[in-house]
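Shown below: my_file_15.cif, with mmCIF, C-alpha atoms and all ligand atoms.
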```cif
data_target
#
loop_
_atom_site.label_atom_id
_atom_site.label_comp_id
_atom_site.auth_asym_id
_atom_site.auth_seq_id
_atom_site.Cartn_x
_atom_site.Cartn_y
_atom_site.Cartn_z
CA MET R 14 -26.27 -50.82 -34.21
CA ASP R 15 -24.55 -54.14 -33.44
CA ILE R 16 -26.03 -55.51 -30.23
CA SER R 17 -25.07 -59.15 -30.82
CA LYS R 18 -22.64 -59.23 -27.85
CA GLN R 19 -25.34 -58.40 -25.27
CA LYS R 20 -26.82 -60.97 -22.87
CA PRO R 21 -30.02 -62.95 -23.77
CA GLY R 22 -32.20 -60.75 -21.52
CA THR R 23 -31.25 -57.66 -23.51
CA LEU R 24 -31.34 -59.49 -26.85
CA SER R 25 -34.84 -60.88 -26.17
CA VAL R 26 -36.08 -57.29 -26.00
CA TRP R 27 -33.87 -55.45 -28.48
CA ALA R 28 -32.64 -57.90 -31.13
CA GLY R 29 -34.12 -56.94 -34.49
CA GLU R 30 -35.66 -53.83 -32.94
CA SER R 31 -32.70 -51.58 -32.22
CA GLU R 32 -33.67 -49.01 -34.89
CA PRO R 33 -36.89 -46.96 -34.53
CA PHE R 34 -39.83 -48.11 -36.70
CA ALA R 35 -42.05 -46.19 -39.12
CA GLU R 36 -43.62 -43.03 -37.65
CA GLY R 37 -41.56 -43.54 -34.49
CA SER R 38 -43.63 -46.57 -33.47
CA HIS R 39 -42.27 -48.03 -30.20
CA THR R 40 -43.64 -51.51 -30.97
CA VAL R 41 -43.06 -53.45 -34.18
CA PRO R 42 -45.71 -52.37 -36.71
CA ILE R 43 -47.78 -55.20 -38.22
CA PHE R 44 -47.43 -54.81 -41.97
CA SER R 45 -50.38 -56.89 -43.09
CA SER R 46 -49.97 -55.80 -46.71
CA VAL R 47 -49.43 -58.71 -49.07
CA THR R 48 -47.82 -56.54 -51.71
CA PHE R 49 -45.56 -53.46 -51.60
CA ALA R 50 -46.02 -50.50 -53.96
CA TYR R 51 -43.30 -48.61 -55.85
CA LYS R 52 -43.61 -45.21 -57.53
CA ASN R 53 -40.72 -46.08 -59.77
CA ILE R 54 -40.51 -49.40 -61.65
CA ASP R 55 -36.71 -49.25 -61.82
CA GLU R 56 -36.61 -49.21 -58.02
CA TRP R 57 -39.05 -52.14 -57.94
CA ASN R 58 -36.85 -53.99 -60.42
CA GLU R 59 -33.75 -53.40 -58.27
CA VAL R 60 -35.55 -54.82 -55.22
CA ALA R 61 -36.63 -57.83 -57.28
CA LYS R 62 -33.04 -58.42 -58.34
CA GLY R 63 -31.78 -58.03 -54.75
CA ILE R 64 -29.68 -54.94 -55.59
CA ARG R 65 -31.78 -52.75 -53.30
CA ASP R 66 -33.32 -53.64 -49.92
CA GLY R 67 -37.12 -53.81 -49.81
CA HIS R 68 -40.15 -56.03 -50.03
CA ILE R 69 -42.30 -57.14 -52.95
CA TYR R 70 -44.68 -59.86 -51.83
CA SER R 71 -45.31 -61.18 -48.30
CA ARG R 72 -45.00 -64.88 -49.18
CA ASN R 73 -41.34 -64.04 -49.75
CA THR R 74 -40.44 -61.23 -47.34
CA ASN R 75 -42.31 -58.85 -45.07
CA PRO R 76 -41.00 -56.11 -42.71
CA THR R 77 -42.72 -57.49 -39.56
CA ILE R 78 -41.53 -61.01 -40.27
CA ARG R 79 -38.03 -59.76 -40.93
CA VAL R 80 -37.86 -58.39 -37.35
CA LEU R 81 -38.73 -61.83 -35.98
CA GLU R 82 -36.14 -63.55 -38.18
CA GLU R 83 -33.53 -61.04 -37.06
CA LYS R 84 -34.43 -61.62 -33.39
CA ILE R 85 -33.87 -65.38 -33.56
CA ARG R 86 -30.78 -64.92 -35.76
CA ILE R 87 -29.12 -62.78 -33.09
CA LEU R 88 -30.33 -64.87 -30.13
CA GLU R 89 -28.97 -68.07 -31.72
CA HIS R 90 -25.66 -66.49 -32.87
CA ALA R 91 -26.55 -67.36 -36.47
CA GLU R 92 -25.67 -65.74 -39.80
CA ALA R 93 -29.22 -65.80 -41.20
CA ALA R 94 -32.75 -66.93 -40.35
CA VAL R 95 -36.02 -67.83 -42.05
CA SER R 96 -39.52 -68.28 -40.62
CA PHE R 97 -42.37 -70.71 -41.27
CA SER R 98 -46.05 -71.21 -40.53
CA SER R 99 -45.21 -73.99 -38.02
CA GLY R 100 -42.25 -75.87 -36.59
CA MET R 101 -42.99 -78.85 -38.85
CA ALA R 102 -43.05 -76.57 -41.89
CA GLY R 103 -39.56 -75.39 -40.92
CA ILE R 104 -38.27 -78.93 -40.40
CA SER R 105 -39.76 -80.40 -43.58
CA ASN R 106 -38.67 -77.42 -45.69
CA THR R 107 -35.14 -77.82 -44.32
CA PHE R 108 -35.04 -81.48 -45.41
CA PHE R 109 -36.62 -80.96 -48.81
CA ALA R 110 -34.47 -77.91 -49.57
CA LEU R 111 -31.17 -79.53 -48.60
CA LEU R 112 -31.54 -83.24 -49.41
CA LYS R 113 -31.70 -85.06 -52.74
CA PRO R 114 -32.40 -88.67 -53.78
CA GLY R 115 -29.54 -90.96 -52.77
CA ASP R 116 -28.61 -88.89 -49.70
CA ARG R 117 -28.32 -90.41 -46.25
CA VAL R 118 -29.44 -88.86 -42.94
CA VAL R 119 -28.27 -89.92 -39.48
CA SER R 120 -30.53 -89.12 -36.55
CA ILE R 121 -31.89 -90.42 -33.26
CA LYS R 122 -34.85 -92.61 -32.32
CA ASP R 123 -36.27 -90.01 -29.92
CA SER R 124 -36.94 -87.15 -32.35
CA TYR R 125 -40.26 -85.32 -32.10
CA GLY R 126 -43.06 -87.53 -33.52
CA GLY R 127 -43.68 -85.39 -36.63
CA THR R 128 -39.98 -85.39 -37.48
CA SER R 129 -39.82 -89.17 -36.96
CA ARG R 130 -42.67 -89.58 -39.45
CA LEU R 131 -40.69 -87.58 -42.02
CA PHE R 132 -37.77 -89.95 -41.43
CA LEU R 133 -39.80 -93.16 -41.54
CA GLU R 134 -42.53 -92.39 -44.12
CA PHE R 135 -41.69 -89.42 -46.32
CA LEU R 136 -37.93 -89.18 -46.89
CA PRO R 137 -37.66 -92.87 -47.96
CA LYS R 138 -40.23 -92.15 -50.72
CA PHE R 139 -37.64 -89.81 -52.23
CA ASN R 140 -34.94 -92.44 -51.94
CA ILE R 141 -33.34 -90.76 -48.93
CA GLU R 142 -32.04 -93.28 -46.41
CA VAL R 143 -32.37 -92.51 -42.71
CA ALA R 144 -30.34 -94.28 -40.00
CA LEU R 145 -31.94 -93.82 -36.57
CA CYS R 146 -29.57 -94.47 -33.67
CA GLU R 147 -30.18 -95.07 -29.97
CA THR R 148 -30.38 -91.49 -28.76
CA GLU R 149 -27.72 -91.57 -26.05
CA ASP R 150 -25.42 -94.01 -27.88
CA HIS R 151 -22.74 -91.58 -29.06
CA GLU R 152 -20.56 -94.40 -30.44
CA GLU R 153 -23.42 -95.65 -32.63
CA LEU R 154 -24.08 -92.12 -33.89
CA GLU R 155 -20.40 -91.66 -34.73
CA ARG R 156 -20.24 -95.07 -36.45
CA GLU R 157 -23.27 -94.27 -38.63
CA ILE R 158 -21.92 -90.80 -39.45
CA THR R 159 -18.55 -92.24 -40.47
CA LYS R 160 -20.28 -94.61 -42.92
CA GLY R 161 -21.20 -91.44 -44.87
CA CYS R 162 -24.16 -89.06 -44.70
CA SER R 163 -25.09 -85.58 -45.82
CA LEU R 164 -27.14 -84.47 -42.82
CA VAL R 165 -27.12 -85.23 -39.09
CA TYR R 166 -30.29 -84.30 -37.23
CA LEU R 167 -30.32 -84.01 -33.42
CA GLU R 168 -32.55 -82.97 -30.55
CA SER R 169 -31.34 -82.45 -27.00
CA PRO R 170 -32.98 -82.73 -24.51
CA THR R 171 -35.47 -85.09 -26.14
CA ASN R 172 -39.18 -85.62 -25.80
CA PRO R 173 -40.50 -86.99 -23.43
CA THR R 174 -37.67 -88.70 -21.51
CA LEU R 175 -35.21 -85.77 -21.63
CA LYS R 176 -32.27 -87.72 -23.06
CA VAL R 177 -29.18 -85.59 -23.63
CA ILE R 178 -26.73 -85.72 -26.55
CA ASP R 179 -23.23 -84.25 -26.54
CA LEU R 180 -23.88 -81.82 -29.39
CA LYS R 181 -20.25 -80.70 -29.74
CA ARG R 182 -19.02 -84.28 -30.07
CA ILE R 183 -21.60 -85.31 -32.68
CA ALA R 184 -21.37 -82.04 -34.65
CA SER R 185 -17.61 -82.54 -34.81
CA ALA R 186 -18.05 -86.10 -36.17
CA ALA R 187 -20.53 -84.76 -38.75
CA LYS R 188 -18.11 -82.03 -39.82
CA LYS R 189 -15.33 -84.59 -40.35
CA ALA R 190 -17.73 -86.64 -42.53
CA GLY R 191 -18.68 -83.52 -44.55
CA ALA R 192 -22.26 -83.56 -43.22
CA ILE R 193 -24.46 -80.66 -42.09
CA THR R 194 -25.59 -80.76 -38.44
CA VAL R 195 -29.14 -79.60 -37.72
CA VAL R 196 -30.32 -79.27 -34.10
CA ASP R 197 -33.93 -78.88 -32.98
CA ASN R 198 -33.47 -76.49 -30.04
CA THR R 199 -37.18 -76.20 -29.15
CA PHE R 200 -36.93 -77.82 -25.70
CA ALA R 201 -33.94 -75.75 -24.56
CA SER R 202 -34.64 -72.36 -26.22
CA PRO R 203 -31.73 -70.03 -27.03
CA VAL R 204 -31.61 -68.90 -23.39
CA ASN R 205 -30.56 -72.37 -22.24
CA GLN R 206 -28.55 -73.62 -25.21
CA ASN R 207 -26.92 -72.27 -28.39
CA PRO R 208 -26.18 -75.24 -30.70
CA ILE R 209 -24.30 -73.06 -33.23
CA ASP R 210 -21.67 -72.35 -30.55
CA LEU R 211 -21.34 -76.14 -30.19
CA GLY R 212 -20.72 -76.68 -33.92
CA ALA R 213 -24.22 -76.99 -35.43
CA ASP R 214 -24.78 -75.53 -38.89
CA LEU R 215 -28.52 -75.00 -38.49
CA VAL R 216 -30.91 -74.63 -35.57
CA VAL R 217 -34.65 -75.24 -35.86
CA HIS R 218 -37.35 -74.12 -33.46
CA SER R 219 -40.98 -74.84 -33.01
CA ALA R 220 -41.55 -71.21 -31.97
CA THR R 221 -45.03 -72.44 -31.04
CA LYS R 222 -43.41 -73.43 -27.72
CA TYR R 223 -41.05 -71.27 -25.60
CA LEU R 224 -40.38 -68.53 -28.16
CA GLY R 225 -44.06 -67.61 -28.56
CA GLY R 226 -44.55 -68.74 -24.98
CA HIS R 227 -48.33 -68.42 -24.64
CA SER R 228 -49.69 -71.35 -26.69
CA ASP R 229 -51.56 -68.96 -28.98
CA THR R 230 -49.36 -69.05 -32.06
CA LEU R 231 -47.97 -71.68 -34.44
CA CYS R 232 -44.60 -70.73 -35.88
CA GLY R 233 -41.33 -72.31 -37.05
CA LEU R 234 -37.90 -70.70 -37.23
CA VAL R 235 -34.69 -71.98 -38.83
CA CYS R 236 -31.37 -70.17 -38.51
CA GLY R 237 -27.69 -70.81 -39.17
CA LYS R 238 -25.22 -70.62 -42.06
CA LYS R 239 -26.16 -68.01 -44.66
CA GLU R 240 -25.68 -70.30 -47.63
CA LEU R 241 -27.93 -73.03 -46.18
CA ILE R 242 -30.61 -70.55 -45.09
CA ARG R 243 -30.62 -69.07 -48.61
CA LYS R 244 -31.47 -72.51 -50.05
CA ILE R 245 -34.19 -73.11 -47.45
CA PHE R 246 -35.62 -69.61 -48.01
CA GLU R 247 -35.72 -70.16 -51.79
CA PHE R 248 -37.59 -73.43 -51.29
CA ARG R 249 -40.03 -71.76 -48.89
CA GLU R 250 -40.71 -68.98 -51.41
CA ILE R 251 -42.10 -71.64 -53.74
CA ASN R 252 -43.41 -74.09 -51.16
CA GLY R 253 -45.37 -71.22 -49.59
CA ALA R 254 -45.26 -72.24 -45.90
CA SER R 255 -44.84 -68.58 -44.91
CA LEU R 256 -45.84 -66.99 -41.64
CA HIS R 257 -48.62 -64.42 -41.31
CA PRO R 258 -47.35 -60.96 -40.14
CA GLU R 259 -49.79 -60.90 -37.22
CA THR R 260 -48.48 -64.26 -36.09
CA ALA R 261 -44.95 -62.91 -36.39
CA TYR R 262 -45.96 -60.02 -34.13
CA ASN R 263 -47.32 -62.43 -31.50
CA VAL R 264 -44.03 -64.33 -31.49
CA ILE R 265 -42.00 -61.08 -31.32
CA ARG R 266 -44.09 -59.98 -28.32
CA GLY R 267 -43.66 -63.38 -26.68
CA MET R 268 -39.91 -63.33 -27.27
CA LYS R 269 -39.49 -60.04 -25.43
CA THR R 270 -40.06 -61.91 -22.16
CA LEU R 271 -38.19 -65.04 -23.28
CA GLU R 272 -35.32 -64.78 -20.82
CA LEU R 273 -37.59 -63.91 -17.88
CA ARG R 274 -39.93 -66.77 -18.67
CA VAL R 275 -37.27 -69.40 -19.40
CA ASN R 276 -35.43 -68.66 -16.15
CA ARG R 277 -38.70 -69.12 -14.26
CA HIS R 278 -39.56 -72.31 -16.22
CA ASN R 279 -36.06 -73.64 -15.37
CA ASP R 280 -36.49 -72.82 -11.71
CA ASN R 281 -39.98 -74.31 -11.44
CA ALA R 282 -38.98 -77.50 -13.27
CA MET R 283 -35.86 -77.96 -11.10
CA LYS R 284 -37.78 -77.49 -7.83
CA THR R 285 -40.60 -79.77 -9.01
CA ALA R 286 -38.16 -82.46 -10.23
CA GLN R 287 -36.23 -82.38 -6.93
CA TRP R 288 -39.45 -82.64 -4.92
CA LEU R 289 -40.89 -85.47 -7.03
CA ASP R 290 -37.56 -87.33 -6.85
CA GLU R 291 -38.03 -87.66 -3.07
CA HIS R 292 -41.68 -88.71 -3.22
CA PRO R 293 -42.42 -92.35 -2.24
CA LYS R 294 -45.16 -92.72 -4.90
CA VAL R 295 -42.81 -91.68 -7.72
CA GLU R 296 -40.66 -94.37 -9.35
CA THR R 297 -38.29 -92.25 -11.51
CA VAL R 298 -37.88 -88.60 -12.46
CA PHE R 299 -36.35 -87.66 -15.81
CA TYR R 300 -34.83 -84.19 -15.64
CA PRO R 301 -31.32 -83.27 -16.87
CA GLY R 302 -30.88 -80.93 -13.89
CA LEU R 303 -30.87 -83.87 -11.45
CA GLU R 304 -27.40 -85.21 -10.71
CA SER R 305 -28.79 -88.75 -11.02
CA HIS R 306 -29.83 -88.14 -14.65
CA PRO R 307 -27.51 -90.03 -17.06
CA GLY R 308 -27.06 -86.93 -19.23
CA HIS R 309 -26.53 -84.48 -16.35
CA LYS R 310 -22.79 -83.94 -16.91
CA ILE R 311 -23.22 -83.26 -20.64
CA ALA R 312 -26.22 -81.02 -20.00
CA LYS R 313 -24.23 -79.06 -17.42
CA LYS R 314 -21.44 -78.58 -19.95
CA GLN R 315 -23.57 -77.44 -22.88
CA MET R 316 -26.62 -75.79 -21.30
CA ASN R 317 -27.04 -72.59 -19.27
CA GLY R 318 -30.20 -73.95 -17.64
CA PHE R 319 -31.86 -77.37 -17.70
CA GLY R 320 -35.21 -76.36 -19.17
CA GLY R 321 -38.84 -76.33 -18.11
CA ILE R 322 -39.83 -79.89 -19.00
CA LEU R 323 -39.56 -82.99 -16.89
CA SER R 324 -41.20 -86.36 -16.95
CA PHE R 325 -41.78 -88.88 -14.20
CA GLU R 326 -43.01 -92.41 -13.71
CA LEU R 327 -45.48 -93.17 -10.96
CA LYS R 328 -45.41 -96.39 -8.99
CA GLY R 329 -48.40 -98.57 -9.91
CA GLY R 330 -50.21 -98.46 -13.22
CA TYR R 331 -52.23 -96.22 -15.49
CA ASP R 332 -55.05 -95.77 -12.94
CA ASN R 333 -52.63 -93.85 -10.71
CA VAL R 334 -51.66 -91.66 -13.65
CA LYS R 335 -55.33 -90.84 -14.18
CA THR R 336 -55.94 -90.14 -10.49
CA LEU R 337 -52.97 -87.77 -10.33
CA LEU R 338 -53.75 -85.91 -13.56
CA HIS R 339 -57.48 -85.60 -12.82
CA ASN R 340 -56.79 -84.06 -9.42
CA LEU R 341 -54.32 -81.37 -10.47
CA LYS R 342 -55.70 -77.83 -10.28
CA PHE R 343 -53.01 -75.74 -11.96
CA VAL R 344 -52.43 -77.91 -15.02
CA HIS R 345 -54.13 -78.16 -18.34
CA LEU R 346 -54.23 -81.74 -19.58
CA ALA R 347 -53.13 -80.85 -23.07
CA ALA R 348 -50.54 -81.46 -25.77
CA SER R 349 -47.73 -78.98 -26.46
CA LEU R 350 -45.26 -77.44 -24.03
CA GLY R 351 -43.42 -74.24 -23.24
CA SER R 352 -46.51 -72.25 -22.31
CA VAL R 353 -46.78 -69.84 -19.38
CA SER R 354 -49.33 -72.29 -17.94
CA THR R 355 -48.32 -75.75 -16.78
CA LEU R 356 -49.29 -78.50 -19.22
CA ALA R 357 -49.16 -82.23 -18.54
CA GLY R 358 -50.19 -85.51 -20.07
CA PRO R 359 -49.31 -89.19 -20.40
CA PRO R 360 -47.19 -89.69 -23.60
CA ARG R 361 -48.46 -93.29 -23.90
CA THR R 362 -52.00 -92.22 -24.75
CA THR R 363 -51.24 -88.81 -26.26
CA SER R 364 -48.07 -87.87 -28.20
CA HIS R 365 -46.94 -91.50 -28.64
CA VAL R 366 -50.33 -93.19 -28.97
CA GLU R 367 -49.67 -94.23 -32.57
CA LEU R 368 -46.56 -96.25 -31.69
CA SER R 369 -46.71 -99.96 -30.89
CA GLU R 370 -46.18 -101.12 -27.30
CA GLU R 371 -42.77 -102.47 -28.39
CA GLN R 372 -41.74 -99.13 -29.95
CA ARG R 373 -42.82 -97.26 -26.81
CA LYS R 374 -40.87 -99.71 -24.67
CA GLN R 375 -37.75 -99.07 -26.74
CA LEU R 376 -38.12 -95.32 -26.14
CA GLY R 377 -38.68 -95.82 -22.41
CA ILE R 378 -42.32 -94.69 -22.53
CA SER R 379 -44.18 -96.75 -19.96
CA GLU R 380 -47.89 -96.53 -19.09
CA SER R 381 -47.01 -94.71 -15.87
CA LEU R 382 -44.97 -91.93 -17.51
CA ILE R 383 -46.22 -88.34 -17.25
CA ARG R 384 -44.72 -85.40 -19.15
CA TYR R 385 -44.89 -82.15 -17.20
CA SER R 386 -44.15 -78.79 -18.84
CA ALA R 387 -43.72 -76.48 -15.86
CA GLY R 388 -45.27 -73.06 -16.46
CA ILE R 389 -44.29 -69.78 -14.82
CA GLU R 390 -46.65 -70.10 -11.84
CA ASN R 391 -45.33 -70.06 -8.28
CA ALA R 392 -43.23 -73.19 -7.62
CA GLU R 393 -44.69 -73.75 -4.14
CA ASP R 394 -48.21 -73.69 -5.58
CA LEU R 395 -47.24 -76.21 -8.26
CA ILE R 396 -45.67 -78.52 -5.69
CA ASP R 397 -48.64 -78.19 -3.29
CA ASP R 398 -50.91 -79.05 -6.20
CA LEU R 399 -48.86 -82.17 -7.02
CA LYS R 400 -48.76 -83.12 -3.34
CA ALA R 401 -52.54 -82.90 -2.96
CA ALA R 402 -53.10 -84.95 -6.15
CA LEU R 403 -50.52 -87.58 -5.14
CA ASP R 404 -52.26 -87.88 -1.76
CA LYS R 405 -55.38 -89.06 -3.61
CA ILE R 406 -53.55 -92.15 -4.90
C1 LIG M 501 -39.26 -80.65 -30.30
C2 LIG M 501 -40.32 -80.28 -31.29
N1 LIG M 501 -39.96 -80.00 -32.54
C3 LIG M 501 -40.88 -79.66 -33.48
C4 LIG M 501 -42.22 -79.62 -33.19
C5 LIG M 501 -43.21 -79.27 -34.25
O1 LIG M 501 -43.63 -77.94 -34.10
P1 LIG M 501 -45.05 -77.36 -34.56
O2 LIG M 501 -46.10 -78.01 -33.72
O3 LIG M 501 -44.90 -75.89 -34.33
O4 LIG M 501 -45.20 -77.70 -36.00
C6 LIG M 501 -42.64 -79.90 -31.88
C7 LIG M 501 -44.07 -79.87 -31.52
O5 LIG M 501 -44.47 -80.31 -30.46
C8 LIG M 501 -41.65 -80.25 -30.90
O6 LIG M 501 -41.99 -80.54 -29.64
#
```
What would the structure in this file look like if it were written as structure tokens?
Ligand SMILES: Cc1ncc(COP(=O)(O)O)c(C=O)c1O
Amino acid sequence: MDISKQKPGTLSVWAGESEPFAEGSHTVPIFSSVTFAYKNIDEWNEVAKGIRDGHIYSRNTNPTIRVLEEKIRILEHAEAAVSFSSGMAGISNTFFALLKPGDRVVSIKDSYGGTSRLFLEFLPKFNIEVALCETEDHEELEREITKGCSLVYLESPTNPTLKVIDLKRIASAAKKAGAITVVDNTFASPVNQNPIDLGADLVVHSATKYLGGHSDTLCGLVCGKKELIRKIFEFREINGASLHPETAYNVIRGMKTLELRVNRHNDNAMKTAQWLDEHPKVETVFYPGLESHPGHKIAKKQMNGFGGILSFELKGGYDNVKTLLHNLKFVHLAASLGSVSTLAGPPRTTSHVELSEEQRKQLGISESLIRYSAGIENAEDLIDDLKAALDKI
């Protein structure tokens, strides 16, 4: 049954699950078997050769994992999908499967820290050049792309200052230059943004975040053009960064409520950002949903919702950051994002602690910046909590 034309709320529940499972199971069965038995070796041989559908060994394919891959494939309007043991496994496998020595990558300075380390430390070891542009400088990105490259890697909105890139514009420049465009869509989720519709060839997700949704599962997903996914899948078969079927089940269960959760995250983040924006103790709020945000117009054009993450700078120094964070009741002071519970922390001493002061300055990460991943709690409670903590400053 082709359900690909349905809305995200329906797809979150039904994509990959529209046919009944073994024994009429209503939920996706967890096939924990590592190997799959055949009564007939000719049949086994046909599966091995890809003539017949089936599974042989769970490092390569597994029925539970296939449901998850199908779910993200349909939600992201992609031709094919492949899963990984973490978001970073998905990102690094994508690079090492598609790039070769002598290639050139164009990307942005504000990529997720792990991805930036691949760009700065690991890809150069394989003689792959990486040009990192100012994230919102579309002219610089286009100039670097025109010089020649094989892969353009983008994130929008970015971490932690929520910078926005016109994905259609940059994907179009990449296409003209014969380069593949890869977009990390973790922050937006497929409910808020579909990069393939904007011209991307591949979309990557840290499914650890919104897709899983409960901060209890590490998982990476990559989807897009069939031919590219085949190469990435073949590399993963050998590289071995496969997902465990039970983990796949957790992500499938999380994804069933994806649309419900993301709409609530969007709503909570918007209300919180608007409230903080008016507060006298807050210097700046970074949230693409605010009209004052430099990327608001682009975000409005390419996103269905502005996402659940915002960041803000307090007036005064780091002591005020500590006072605020230590007095919040409904927040875990923790890394990661996209959980049902609100998570917050200061990027300067957490996610970006390894950067120099100068590097942090270039990315706009001051000592008074706080990243806030709004959960699905009640917005009034979250705002009351922030109000009470701000009153302590
Ligand atoms: C935007 C983004 N991409 C990729 C990753 C890496 O994902 P994982 O932690 O699942 O390896 C993260 C993790 O925080 C992230 O925020």
Practice prompt. Have a look at R:Glu157, R:Glu247, R:Glu393, R:Glu240 and name the one nearest to Glu142 of chain R; count only C-alpha atoms.
Written response: R:Glu157
Worksheet item: Could you state the separation of atom CA of Asp210 of chain R and atom CA of Ala186 of chain R in Å, given to one decimal place?
Response: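 We find that atom CA of Asp210 of chain R and atom CA of Ala186 of chain R lie 15.3 Å from each other.
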Practice prompt. Please indicate the distance in Å from atom CA of Gly351 of chain R to atom CA of Lys374 of chain R, rounded to one decimal place.
Written response: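 Atom-to-atom, atom CA of Gly351 of chain R and atom CA of Lys374 of chain R are spaced 25.6 Å apart.
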Using all atoms listed in the file, find each residue of chain R with at least one atom at most 10 Å away from an atom of ligand LIG 501 (chain M); report its shortest atom-to-atom pair and that distance in Å (one decimal), sort the rows by chain and rising residue number, and return the result as JSON lines.
```
{"residue": "R:Phe97", "atom": "CA", "partner": "M:LIG501", "partner_atom": "O3", "distance": 9.0}
{"residue": "R:Ser98", "atom": "CA", "partner": "M:LIG501", "partner_atom": "O3", "distance": 7.9}
{"residue": "R:Ser99", "atom": "CA", "partner": "M:LIG501", "partner_atom": "O3", "distance": 4.2}
{"residue": "R:Gly100", "atom": "CA", "partner": "M:LIG501", "partner_atom": "O3", "distance": 3.5}
{"residue": "R:Met101", "atom": "CA", "partner": "M:LIG501", "partner_atom": "O4", "distance": 3.8}
{"residue": "R:Ala102", "atom": "CA", "partner": "M:LIG501", "partner_atom": "O4", "distance": 6.4}
{"residue": "R:Gly103", "atom": "CA", "partner": "M:LIG501", "partner_atom": "O4", "distance": 7.8}
{"residue": "R:Ile104", "atom": "CA", "partner": "M:LIG501", "partner_atom": "C3", "distance": 7.4}
{"residue": "R:Ser105", "atom": "CA", "partner": "M:LIG501", "partner_atom": "O4", "distance": 9.7}
{"residue": "R:Asp123", "atom": "CA", "partner": "M:LIG501", "partner_atom": "C1", "distance": 9.8}
{"residue": "R:Ser124", "atom": "CA", "partner": "M:LIG501", "partner_atom": "C1", "distance": 7.2}
{"residue": "R:Tyr125", "atom": "CA", "partner": "M:LIG501", "partner_atom": "C1", "distance": 5.1}
{"residue": "R:Gly126", "atom": "CA", "partner": "M:LIG501", "partner_atom": "C6", "distance": 7.8}
{"residue": "R:Gly127", "atom": "CA", "partner": "M:LIG501", "partner_atom": "C5", "distance": 6.6}
{"residue": "R:Thr128", "atom": "CA", "partner": "M:LIG501", "partner_atom": "C3", "distance": 7.0}
{"residue": "R:Glu168", "atom": "CA", "partner": "M:LIG501", "partner_atom": "C1", "distance": 7.1}
{"residue": "R:Ser169", "atom": "CA", "partner": "M:LIG501", "partner_atom": "C1", "distance": 8.8}
{"residue": "R:Pro170", "atom": "CA", "partner": "M:LIG501", "partner_atom": "C1", "distance": 8.8}
{"residue": "R:Thr171", "atom": "CA", "partner": "M:LIG501", "partner_atom": "C1", "distance": 7.2}
{"residue": "R:Asn172", "atom": "CA", "partner": "M:LIG501", "partner_atom": "C1", "distance": 6.7}
{"residue": "R:Pro173", "atom": "CA", "partner": "M:LIG501", "partner_atom": "O6", "distance": 9.1}
{"residue": "R:Val196", "atom": "CA", "partner": "M:LIG501", "partner_atom": "N1", "distance": 9.8}
{"residue": "R:Asp197", "atom": "CA", "partner": "M:LIG501", "partner_atom": "N1", "distance": 6.1}
{"residue": "R:Asn198", "atom": "CA", "partner": "M:LIG501", "partner_atom": "C1", "distance": 7.1}
{"residue": "R:Thr199", "atom": "CA", "partner": "M:LIG501", "partner_atom": "C1", "distance": 5.0}
{"residue": "R:Phe200", "atom": "CA", "partner": "M:LIG501", "partner_atom": "C1", "distance": 5.9}
{"residue": "R:Ala201", "atom": "CA", "partner": "M:LIG501", "partner_atom": "C1", "distance": 9.2}
{"residue": "R:Val217", "atom": "CA", "partner": "M:LIG501", "partner_atom": "N1", "distance": 7.9}
{"residue": "R:His218", "atom": "CA", "partner": "M:LIG501", "partner_atom": "N1", "distance": 6.5}
{"residue": "R:Ser219", "atom": "CA", "partner": "M:LIG501", "partner_atom": "O1", "distance": 4.2}
{"residue": "R:Ala220", "atom": "CA", "partner": "M:LIG501", "partner_atom": "O3", "distance": 6.2}
{"residue": "R:Thr221", "atom": "CA", "partner": "M:LIG501", "partner_atom": "O3", "distance": 4.8}
{"residue": "R:Lys222", "atom": "CA", "partner": "M:LIG501", "partner_atom": "O3", "distance": 7.2}
{"residue": "R:Thr230", "atom": "CA", "partner": "M:LIG501", "partner_atom": "O3", "distance": 8.5}
{"residue": "R:Leu231", "atom": "CA", "partner": "M:LIG501", "partner_atom": "O3", "distance": 5.2}
{"residue": "R:Cys232", "atom": "CA", "partner": "M:LIG501", "partner_atom": "O3", "distance": 5.4}
{"residue": "R:Gly233", "atom": "CA", "partner": "M:LIG501", "partner_atom": "O3", "distance": 5.7}
{"residue": "R:Leu234", "atom": "CA", "partner": "M:LIG501", "partner_atom": "O3", "distance": 9.2}
{"residue": "R:Ala348", "atom": "CA", "partner": "M:LIG501", "partner_atom": "O5", "distance": 7.8}
{"residue": "R:Ser349", "atom": "CA", "partner": "M:LIG501", "partner_atom": "O5", "distance": 5.3}
{"residue": "R:Leu350", "atom": "CA", "partner": "M:LIG501", "partner_atom": "O5", "distance": 7.1}
{"residue": "R:Gly351", "atom": "CA", "partner": "M:LIG501", "partner_atom": "O6", "distance": 9.1}
{"residue": "R:Ser364", "atom": "CA", "partner": "M:LIG501", "partner_atom": "O5", "distance": 8.7}
```
Worksheet entry | Residue list as an MDAnalysis selection string for point (-44.9, -65.4, -40.5), cut-off 7 Å, only C-alpha atoms | chainID R and resid 78 96:98 255:258 260:261
Practice prompt. Between R:Gln315, R:Ser163, R:Ser38, R:Asn279, single out the one closest to Asp179 of chain R, counting only C-alpha atoms.
Written response: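 Closest candidate: R:Gln315.
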Discussion item. So that I can check the surroundings of Val60 of chain R, please list as a VMD selection string every protein, DNA and RNA residue that reaches within 12 Å of it, counting only C-alpha atoms and ignoring chain neighbours fewer than 3 positions away.
Written reply: chain R and resid 49 to 51 53 to 57 63 to 70 74
